[in-house]
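Student: Let me give you the structure first, and then I'll get to my questions.
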Amino acid sequence: MSTLAERLRAGVRHGSRAEIAAVELLIADTESGWFYHDEGDFVYYCVSDDRDNDTASIDWDEARRFFENADPDYEIANKIAILDFAIALIEDRFRLGFLSDQQRRLFATAAANATGNGG
């Protein structure tokens, strides 16, 4: 039996780069545990899990509502920041597809610098 993370990966296998990146971001955020507790609110409200076909998908409109209704409590601010960035990727808020290779590197460098991980 596959894990929810594996089923989500299967669900976006043929998706856009943004969809794949957003799903991978949430899967990789093990600190927040988006998909490691099937009983979690996010999974309940935002994930459609088709175990028969071994796929799952995120309803990004529901994810947006989940984000907008989140308690701004400081303890979960980091979790909500990750979700906001994943939604930004899905909504193409930064228009990444229009950037040249050089602009993509600048964007990545700026993001790394803003988080204190720059070189």
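Chains: A, B, ... in order of the structure tokens. Residues: from 1 per chain. Ligands: from 1, in order shown.
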With DSSP run on the backbone, what are the strand (DSSP E) residues within region 44-75 of chain A? I'd like them as a count of residues only.

Tutor: 8

Student: Could you please write out, as a VMD selection string, every residue of region 40-116 of chain A that DSSP assigns to alpha helix (DSSP H)?

Tutor: chain A and resid 41 to 46 60 to 68 77 to 90 101 to 114

Student: Which neighbours of region 81-93 of chain A fall inside 8 Å, counting only C-alpha atoms, when residues of the same chain fewer than 3 positions from it are skipped, and could you give them as a CSV table (one decimal) with C-alpha atoms, in the first residue's frame?

Tutor:
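New file result.csv:
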chain,number,residue,atom,x,y,z
A,18,ALA,CA,4.1,24.5,-10.6
A,19,GLU,CA,1.7,21.7,-9.5
A,21,ALA,CA,6.7,21.9,-7.1
A,22,ALA,CA,3.7,22.8,-4.9
A,23,VAL,CA,3.0,19.2,-4.0
A,25,LEU,CA,7.0,21.5,-1.2
A,26,LEU,CA,4.1,20.3,1.1
A,29,ASP,CA,7.7,20.1,4.8
A,60,TRP,CA,-6.2,24.1,-4.5
A,63,ALA,CA,-6.4,24.9,0.1
A,64,ARG,CA,-6.8,28.7,-0.5
A,67,PHE,CA,-5.2,29.3,4.2
A,77,ALA,CA,2.8,30.8,11.2
A,78,ASN,CA,5.6,28.8,9.6
A,96,LEU,CA,7.7,32.3,-12.9
